[in-house]
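J.: Sending over final_32.pdb (PDB, C-alpha atoms).
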ATOM      1  CA  MET A   1       3.146  -3.466 -23.596  1.00  0.00           C
ATOM      2  CA  ALA A   2       2.563  -1.215 -26.558  1.00  0.00           C
ATOM      3  CA  ASP A   3      -0.908  -2.638 -27.255  1.00  0.00           C
ATOM      4  CA  ARG A   4      -2.426  -1.644 -23.914  1.00  0.00           C
ATOM      5  CA  PRO A   5      -3.044   1.787 -22.438  1.00  0.00           C
ATOM      6  CA  GLU A   6      -0.770   3.002 -19.671  1.00  0.00           C
ATOM      7  CA  ARG A   7      -1.737   1.527 -16.311  1.00  0.00           C
ATOM      8  CA  THR A   8      -2.778   3.837 -13.540  1.00  0.00           C
ATOM      9  CA  ALA A   9      -2.046   3.576  -9.848  1.00  0.00           C
ATOM     10  CA  LEU A  10      -3.398   5.399  -6.841  1.00  0.00           C
ATOM     11  CA  VAL A  11      -1.055   6.097  -3.945  1.00  0.00           C
ATOM     12  CA  LEU A  12      -3.238   6.608  -0.887  1.00  0.00           C
ATOM     13  CA  THR A  13      -1.510   7.974   2.199  1.00  0.00           C
ATOM     14  CA  ALA A  14      -3.249   7.344   5.523  1.00  0.00           C
ATOM     15  CA  SER A  15      -1.789   9.845   7.965  1.00  0.00           C
ATOM     16  CA  ASP A  16      -3.427  12.324  10.298  1.00  0.00           C
ATOM     17  CA  GLY A  17      -0.388  14.620  10.086  1.00  0.00           C
ATOM     18  CA  ALA A  18      -0.052  14.566   6.294  1.00  0.00           C
ATOM     19  CA  ALA A  19      -3.802  14.986   5.799  1.00  0.00           C
ATOM     20  CA  ALA A  20      -3.748  18.003   8.149  1.00  0.00           C
ATOM     21  CA  GLY A  21      -0.788  19.502   6.260  1.00  0.00           C
ATOM     22  CA  VAL A  22       1.532  19.470   9.269  1.00  0.00           C
ATOM     23  CA  ARG A  23       3.733  16.636   8.000  1.00  0.00           C
ATOM     24  CA  ASP A  24       5.263  15.958   4.600  1.00  0.00           C
ATOM     25  CA  ASP A  25       3.947  12.943   2.716  1.00  0.00           C
ATOM     26  CA  ALA A  26       7.435  11.557   2.063  1.00  0.00           C
ATOM     27  CA  SER A  27       6.313   7.950   1.642  1.00  0.00           C
ATOM     28  CA  GLY A  28       3.548   8.878  -0.810  1.00  0.00           C
ATOM     29  CA  GLU A  29       6.031  10.932  -2.799  1.00  0.00           C
ATOM     30  CA  ALA A  30       8.606   8.118  -2.840  1.00  0.00           C
ATOM     31  CA  LEU A  31       6.038   5.502  -3.869  1.00  0.00           C
ATOM     32  CA  ALA A  32       4.644   7.697  -6.640  1.00  0.00           C
ATOM     33  CA  SER A  33       8.138   8.212  -8.065  1.00  0.00           C
ATOM     34  CA  ARG A  34       8.881   4.494  -7.950  1.00  0.00           C
ATOM     35  CA  LEU A  35       5.578   3.616  -9.628  1.00  0.00           C
ATOM     36  CA  VAL A  36       6.294   6.112 -12.415  1.00  0.00           C
ATOM     37  CA  GLU A  37       9.633   4.324 -12.904  1.00  0.00           C
ATOM     38  CA  LEU A  38       7.658   1.076 -13.164  1.00  0.00           C
ATOM     39  CA  GLY A  39       5.522   2.572 -15.955  1.00  0.00           C
ATOM     40  CA  PHE A  40       2.419   3.754 -14.096  1.00  0.00           C
ATOM     41  CA  SER A  41       0.552   6.996 -14.355  1.00  0.00           C
ATOM     42  CA  VAL A  42       0.037   7.944 -10.701  1.00  0.00           C
ATOM     43  CA  GLU A  43      -2.715   9.737  -8.826  1.00  0.00           C
ATOM     44  CA  ARG A  44      -2.234  10.595  -5.149  1.00  0.00           C
ATOM     45  CA  ALA A  45      -4.653  11.058  -2.285  1.00  0.00           C
ATOM     46  CA  LEU A  46      -4.378  11.789   1.436  1.00  0.00           C
ATOM     47  CA  VAL A  47      -6.746  10.748   4.207  1.00  0.00           C
ATOM     48  CA  GLY A  48      -6.499  10.776   7.970  1.00  0.00           C
ATOM     49  CA  ASP A  49      -6.138   7.605  10.009  1.00  0.00           C
ATOM     50  CA  ASP A  50      -9.881   7.048   9.912  1.00  0.00           C
ATOM     51  CA  GLN A  51     -11.337   3.720   8.812  1.00  0.00           C
ATOM     52  CA  PRO A  52     -14.458   5.071   7.057  1.00  0.00           C
ATOM     53  CA  ALA A  53     -12.360   7.663   5.182  1.00  0.00           C
ATOM     54  CA  ILE A  54      -9.834   5.034   4.097  1.00  0.00           C
ATOM     55  CA  GLU A  55     -12.628   2.674   3.005  1.00  0.00           C
ATOM     56  CA  ALA A  56     -14.277   5.461   0.984  1.00  0.00           C
ATOM     57  CA  ALA A  57     -11.005   6.345  -0.746  1.00  0.00           C
ATOM     58  CA  LEU A  58     -10.343   2.683  -1.574  1.00  0.00           C
ATOM     59  CA  ARG A  59     -13.854   2.227  -2.976  1.00  0.00           C
ATOM     60  CA  ALA A  60     -13.482   5.394  -5.059  1.00  0.00           C
ATOM     61  CA  GLY A  61     -10.177   4.180  -6.524  1.00  0.00           C
ATOM     62  CA  ALA A  62     -11.085   0.527  -7.061  1.00  0.00           C
ATOM     63  CA  GLY A  63     -12.046  -0.190 -10.639  1.00  0.00           C
ATOM     64  CA  ARG A  64     -10.547   3.124 -11.794  1.00  0.00           C
ATOM     65  CA  HIS A  65      -6.937   2.052 -11.235  1.00  0.00           C
ATOM     66  CA  ALA A  66      -5.075  -1.188 -11.852  1.00  0.00           C
ATOM     67  CA  LEU A  67      -3.244  -0.753  -8.561  1.00  0.00           C
ATOM     68  CA  ILE A  68      -3.798   1.031  -5.263  1.00  0.00           C
ATOM     69  CA  VAL A  69      -0.858   1.286  -2.887  1.00  0.00           C
ATOM     70  CA  THR A  70      -1.701   2.558   0.569  1.00  0.00           C
ATOM     71  CA  THR A  71       1.011   3.829   2.849  1.00  0.00           C
ATOM     72  CA  GLY A  72       0.650   4.254   6.578  1.00  0.00           C
ATOM     73  CA  GLY A  73      -1.618   2.826   9.216  1.00  0.00           C
ATOM     74  CA  THR A  74      -0.228  -0.733   9.214  1.00  0.00           C
ATOM     75  CA  GLY A  75       1.297  -0.731  12.708  1.00  0.00           C
ATOM     76  CA  LEU A  76      -0.025  -1.614  16.130  1.00  0.00           C
ATOM     77  CA  THR A  77      -1.480   1.644  17.456  1.00  0.00           C
ATOM     78  CA  PRO A  78      -5.235   2.153  17.790  1.00  0.00           C
ATOM     79  CA  ARG A  79      -5.103   4.699  14.901  1.00  0.00           C
ATOM     80  CA  ASP A  80      -3.470   2.148  12.543  1.00  0.00           C
ATOM     81  CA  VAL A  81      -6.628   1.012  10.755  1.00  0.00           C
ATOM     82  CA  THR A  82      -5.562   0.683   7.114  1.00  0.00           C
ATOM     83  CA  PRO A  83      -5.602  -3.152   7.159  1.00  0.00           C
ATOM     84  CA  GLN A  84      -9.107  -3.202   8.652  1.00  0.00           C
ATOM     85  CA  ALA A  85     -10.323  -0.706   6.046  1.00  0.00           C
ATOM     86  CA  THR A  86      -8.728  -2.731   3.267  1.00  0.00           C
ATOM     87  CA  GLN A  87     -10.245  -5.992   4.496  1.00  0.00           C
ATOM     88  CA  ALA A  88     -13.663  -4.309   4.558  1.00  0.00           C
ATOM     89  CA  VAL A  89     -13.316  -3.302   0.888  1.00  0.00           C
ATOM     90  CA  VAL A  90     -11.517  -6.173  -0.861  1.00  0.00           C
ATOM     91  CA  GLU A  91     -13.382  -9.173  -2.240  1.00  0.00           C
ATOM     92  CA  TYR A  92     -10.476 -11.497  -1.438  1.00  0.00           C
ATOM     93  CA  GLU A  93      -6.944 -11.325  -0.111  1.00  0.00           C
ATOM     94  CA  VAL A  94      -3.665 -12.255  -1.795  1.00  0.00           C
ATOM     95  CA  PRO A  95      -1.711 -13.369   1.279  1.00  0.00           C
ATOM     96  CA  GLY A  96       1.407 -14.463  -0.613  1.00  0.00           C
ATOM     97  CA  LEU A  97       2.187 -10.869  -1.588  1.00  0.00           C
ATOM     98  CA  ALA A  98       1.769  -9.579   1.983  1.00  0.00           C
ATOM     99  CA  GLU A  99       3.954 -12.459   3.175  1.00  0.00           C
ATOM    100  CA  ALA A 100       6.595 -11.622   0.545  1.00  0.00           C
ATOM    101  CA  MET A 101       6.742  -8.019   1.721  1.00  0.00           C
ATOM    102  CA  ARG A 102       7.167  -9.041   5.358  1.00  0.00           C
ATOM    103  CA  ALA A 103       9.754 -11.713   4.493  1.00  0.00           C
ATOM    104  CA  SER A 104      11.786  -9.228   2.474  1.00  0.00           C
ATOM    105  CA  GLY A 105      11.603  -6.686   5.283  1.00  0.00           C
ATOM    106  CA  ARG A 106      12.504  -9.309   7.880  1.00  0.00           C
ATOM    107  CA  ALA A 107      15.844  -9.782   6.113  1.00  0.00           C
ATOM    108  CA  LYS A 108      16.614  -6.145   7.005  1.00  0.00           C
ATOM    109  CA  THR A 109      14.884  -5.679  10.371  1.00  0.00           C
ATOM    110  CA  PRO A 110      12.883  -7.834  12.779  1.00  0.00           C
ATOM    111  CA  PHE A 111      10.379  -4.969  13.043  1.00  0.00           C
ATOM    112  CA  ALA A 112       8.974  -5.907   9.620  1.00  0.00           C
ATOM    113  CA  ASP A 113       6.956  -8.596  11.397  1.00  0.00           C
ATOM    114  CA  LEU A 114       4.991  -5.846  13.139  1.00  0.00           C
ATOM    115  CA  SER A 115       3.471  -4.681   9.854  1.00  0.00           C
ATOM    116  CA  ARG A 116      -0.141  -5.785   9.523  1.00  0.00           C
ATOM    117  CA  GLY A 117      -0.375  -4.795   5.864  1.00  0.00           C
ATOM    118  CA  VAL A 118      -2.650  -6.855   3.653  1.00  0.00           C
ATOM    119  CA  VAL A 119      -2.976  -7.272  -0.096  1.00  0.00           C
ATOM    120  CA  GLY A 120      -6.268  -7.956  -1.816  1.00  0.00           C
ATOM    121  CA  VAL A 121      -8.456  -7.404  -4.844  1.00  0.00           C
ATOM    122  CA  ALA A 122     -11.364  -4.967  -5.102  1.00  0.00           C
ATOM    123  CA  ASP A 123     -13.180  -4.586  -8.419  1.00  0.00           C
ATOM    124  CA  ARG A 124     -10.212  -6.118 -10.325  1.00  0.00           C
ATOM    125  CA  THR A 125      -7.857  -3.610  -8.665  1.00  0.00           C
ATOM    126  CA  LEU A 126      -4.899  -4.880  -6.667  1.00  0.00           C
ATOM    127  CA  VAL A 127      -4.799  -3.134  -3.278  1.00  0.00           C
ATOM    128  CA  VAL A 128      -1.463  -3.232  -1.445  1.00  0.00           C
ATOM    129  CA  ASN A 129      -0.822  -1.905   2.087  1.00  0.00           C
ATOM    130  CA  VAL A 130       2.751  -0.812   2.801  1.00  0.00           C
ATOM    131  CA  PRO A 131       4.196   0.836   5.924  1.00  0.00           C
ATOM    132  CA  GLY A 132       4.329   4.589   6.410  1.00  0.00           C
ATOM    133  CA  SER A 133       8.103   4.881   6.546  1.00  0.00           C
ATOM    134  CA  PRO A 134       9.448   5.903   3.105  1.00  0.00           C
ATOM    135  CA  LYS A 135      12.256   3.321   3.299  1.00  0.00           C
ATOM    136  CA  ALA A 136       9.952   0.477   4.378  1.00  0.00           C
ATOM    137  CA  ALA A 137       7.289   1.511   1.862  1.00  0.00           C
ATOM    138  CA  LEU A 138       9.739   1.336  -1.054  1.00  0.00           C
ATOM    139  CA  GLU A 139      11.284  -1.904   0.173  1.00  0.00           C
ATOM    140  CA  SER A 140       7.813  -3.458   0.405  1.00  0.00           C
ATOM    141  CA  LEU A 141       6.855  -2.339  -3.093  1.00  0.00           C
ATOM    142  CA  ASP A 142      10.165  -3.566  -4.485  1.00  0.00           C
ATOM    143  CA  ALA A 143       9.595  -6.950  -2.828  1.00  0.00           C
ATOM    144  CA  ILE A 144       6.521  -7.570  -4.999  1.00  0.00           C
ATOM    145  CA  ALA A 145       7.641  -5.683  -8.123  1.00  0.00           C
ATOM    146  CA  PRO A 146       8.893  -8.869  -9.866  1.00  0.00           C
ATOM    147  CA  VAL A 147       5.376 -10.362  -9.895  1.00  0.00           C
ATOM    148  CA  LEU A 148       3.350  -7.154 -10.156  1.00  0.00           C
ATOM    149  CA  GLU A 149       3.037  -7.173 -13.957  1.00  0.00           C
ATOM    150  CA  HIS A 150       1.756 -10.751 -14.019  1.00  0.00           C
ATOM    151  CA  ALA A 151      -0.675 -10.077 -11.166  1.00  0.00           C
ATOM    152  CA  LEU A 152      -2.140  -7.056 -12.956  1.00  0.00           C
ATOM    153  CA  GLU A 153      -2.349  -8.879 -16.299  1.00  0.00           C
ATOM    154  CA  THR A 154      -4.200 -11.692 -14.553  1.00  0.00           C
ATOM    155  CA  LEU A 155      -6.702  -9.253 -13.054  1.00  0.00           C
ATOM    156  CA  GLU A 156      -7.219  -7.514 -16.415  1.00  0.00           C
ATOM    157  CA  GLY A 157      -8.301 -10.803 -17.997  1.00  0.00           C
ATOM    158  CA  PRO A 158      -9.239 -12.679 -20.006  1.00  0.00           C
ATOM    159  CA  PHE A 159      -9.483 -15.207 -17.203  1.00  0.00           C
ATOM    160  CA  ASP A 160      -8.050 -18.233 -18.984  1.00  0.00           C
ATOM    161  CA  HIS A 161      -4.656 -18.543 -17.260  1.00  0.00           C
ATOM    162  CA  GLY A 162      -2.377 -17.129 -19.905  1.00  0.00           C
ATOM    163  CA  ARG A 163      -4.171 -17.265 -23.245  1.00  0.00           C
ATOM    164  CA  ARG A 164      -4.528 -13.691 -24.459  1.00  0.00           C
ATOM    165  CA  THR A 165      -6.776 -14.635 -27.404  1.00  0.00           C
ATOM    166  CA  PRO A 166     -10.099 -16.524 -27.339  1.00  0.00           C
ATOM    167  CA  ALA A 167      -9.940 -20.274 -28.023  1.00  0.00           C
TER     168      ALA A 167
END
Once more with this new file: its structure as structure tokens, please.

T.:
Amino acid sequence: MADRPERTALVLTASDGAAAGVRDDASGEALASRLVELGFSVERALVGDDQPAIEAALRAGAGRHALIVTTGGTGLTPRDVTPQATQAVVEYEVPGLAEAMRASGRAKTPFADLSRGVVGVADRTLVVNVPGSPKAALESLDAIAPVLEHALETLEGPFDHGRRTPA
């Protein structure tokens, strides 16, 4: 919309290898490009697969950005702690969006059901966990893209279910 400032998004990559500089952050790069296409100004950050570090990065970004998309750390290994970090930071979850991402992925591969990614709200910021694979990360973001604008408008307020001007 022309009457609002450009929305910002943070792409937070949780990866020991990328944070150490020994692996390219291909999923973070792909997500940032897609978010720019969707009209966001994008900031990027890297952290290792460490729950306190992920929590700190989420807290630092919440309230500063309309959207935080994390990539990585949603699988089943002991180092996959992004969902736990997100649950520790968000005030409430938005399970329908996480379900939509898994359902969309399930249409392509049964392995989508292994993603533990969550979606929630922290300080009026939508926080979305997507897998670490560039392909799966983009597919997950695209699965919720049709409702993203409405979700972010709702979080911006006013909180009167659609009326943009006071009664």

J.: Once the PyMOL selection byres ((chain A and resi 144) around 9) has been evaluated on this model, what residues remain selected, and can you format them as a list in words?

T.: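 That expression, the PyMOL selection byres ((chain A and resi 144) around 9), corresponds here to Leu97, Ala98, Ala100, Met101, Ser140, Leu141, Asp142, Ala143, Ala145, Pro146, Val147 and Leu148 of chain A.
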
J.: Could you write out the selected residues, including C-alpha atoms, as a PDB file, in the coordinates of the input?

T.:
ATOM      1  CA  LEU A  97       2.187 -10.869  -1.588  1.00  0.00           C
ATOM      2  CA  ALA A  98       1.769  -9.579   1.983  1.00  0.00           C
ATOM      3  CA  ALA A 100       6.595 -11.622   0.545  1.00  0.00           C
ATOM      4  CA  MET A 101       6.742  -8.019   1.721  1.00  0.00           C
ATOM      5  CA  SER A 140       7.813  -3.458   0.405  1.00  0.00           C
ATOM      6  CA  LEU A 141       6.855  -2.339  -3.093  1.00  0.00           C
ATOM      7  CA  ASP A 142      10.165  -3.566  -4.485  1.00  0.00           C
ATOM      8  CA  ALA A 143       9.595  -6.950  -2.828  1.00  0.00           C
ATOM      9  CA  ALA A 145       7.641  -5.683  -8.123  1.00  0.00           C
ATOM     10  CA  PRO A 146       8.893  -8.869  -9.866  1.00  0.00           C
ATOM     11  CA  VAL A 147       5.376 -10.362  -9.895  1.00  0.00           C
ATOM     12  CA  LEU A 148       3.350  -7.154 -10.156  1.00  0.00           C
TER      13      LEU A 148
END

J.: Any idea what's packed within 12 Å of A:Gly73, counting all atoms listed in the file, ignoring anything in its chain fewer than 3 positions away? Could you give it as a ChimeraX atom specification?

T.: /A:12-17,47-51,54,70,76-86,114-118,129-133,137

J.: Evaluated on this file, the PyMOL selection byres ((chain A and resi 39) around 10) picks out some residues - which ones are they, written as a PyMOL selection string?

T.: chain A and resi 6-9+34-38+40-42

J.: Please measure the separation of atom CA of A:Val119 and atom CA of A:Asp24, giving the value in Å to one decimal.

T.: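 Taking atom CA of A:Val119 as the start and atom CA of A:Asp24 as the end point, the length is 25.1 Å.
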
J.: Could you spell out the hits of the PyMOL selection byres ((chain A and resi 56-68) around 7) on the shown file, as a list in words?

T.: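 Going through the file, the PyMOL selection byres ((chain A and resi 56-68) around 7) ends up selecting Arg7, Thr8, Ala9, Leu10, Val11, Pro52, Ala53, Ile54, Glu55, Val69, Thr70, Val89, Ala122, Asp123, Arg124, Thr125, Leu126, Val127, Val128 and Leu152 of chain A.
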
J.: So, counting only C-alpha atoms, which residue among A:Ala20, A:Ala45, A:Ala136, A:Ala151 is closest to A:Ala32?

T.: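 Closest residue, counting only C-alpha atoms: A:Ala45.
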
J.: For atom CA of A:Leu31 and atom CA of A:Thr154, quote the distance in Å rounded to one decimal.

T.: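 About the pair atom CA of A:Leu31 and atom CA of A:Thr154: they are 22.7 Å apart.
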
J.: Starting from the incomplete input, reconstruct N, CA and C atoms of stretch 55-67 of chain A and report them as a tab-separated table (two decimals), in the coordinates of the input.

T.:
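Okay, this is what ended up in rebuild_29.tsv:
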chain	number	residue	atom	x	y	z
A	55	GLU	N	-11.73	3.54	3.79
A	55	GLU	CA	-12.63	2.67	3.00
A	55	GLU	C	-13.22	3.44	1.82
A	56	ALA	N	-13.68	4.66	2.06
A	56	ALA	CA	-14.28	5.46	0.98
A	56	ALA	C	-13.27	5.74	-0.12
A	57	ALA	N	-12.04	6.07	0.25
A	57	ALA	CA	-11.00	6.34	-0.75
A	57	ALA	C	-10.66	5.08	-1.54
A	58	LEU	N	-10.61	3.94	-0.87
A	58	LEU	CA	-10.34	2.68	-1.57
A	58	LEU	C	-11.48	2.35	-2.54
A	59	ARG	N	-12.71	2.51	-2.09
A	59	ARG	CA	-13.85	2.23	-2.98
A	59	ARG	C	-13.87	3.17	-4.18
A	60	ALA	N	-13.51	4.42	-3.96
A	60	ALA	CA	-13.48	5.39	-5.06
A	60	ALA	C	-12.40	5.05	-6.08
A	61	GLY	N	-11.28	4.51	-5.62
A	61	GLY	CA	-10.18	4.18	-6.52
A	61	GLY	C	-10.30	2.82	-7.18
A	62	ALA	N	-10.96	1.89	-6.52
A	62	ALA	CA	-11.08	0.53	-7.06
A	62	ALA	C	-11.89	0.55	-8.36
A	63	GLY	N	-11.40	-0.17	-9.33
A	63	GLY	CA	-12.05	-0.19	-10.64
A	63	GLY	C	-11.57	0.92	-11.56
A	64	ARG	N	-11.08	2.00	-10.99
A	64	ARG	CA	-10.55	3.12	-11.79
A	64	ARG	C	-9.06	2.97	-12.04
A	65	HIS	N	-8.38	2.24	-11.16
A	65	HIS	CA	-6.94	2.05	-11.24
A	65	HIS	C	-6.62	0.57	-11.24
A	66	ALA	N	-5.53	0.20	-11.89
A	66	ALA	CA	-5.08	-1.19	-11.85
A	66	ALA	C	-4.53	-1.53	-10.48
A	67	LEU	N	-3.95	-0.53	-9.81
A	67	LEU	CA	-3.24	-0.75	-8.56
A	67	LEU	C	-3.53	0.39	-7.60
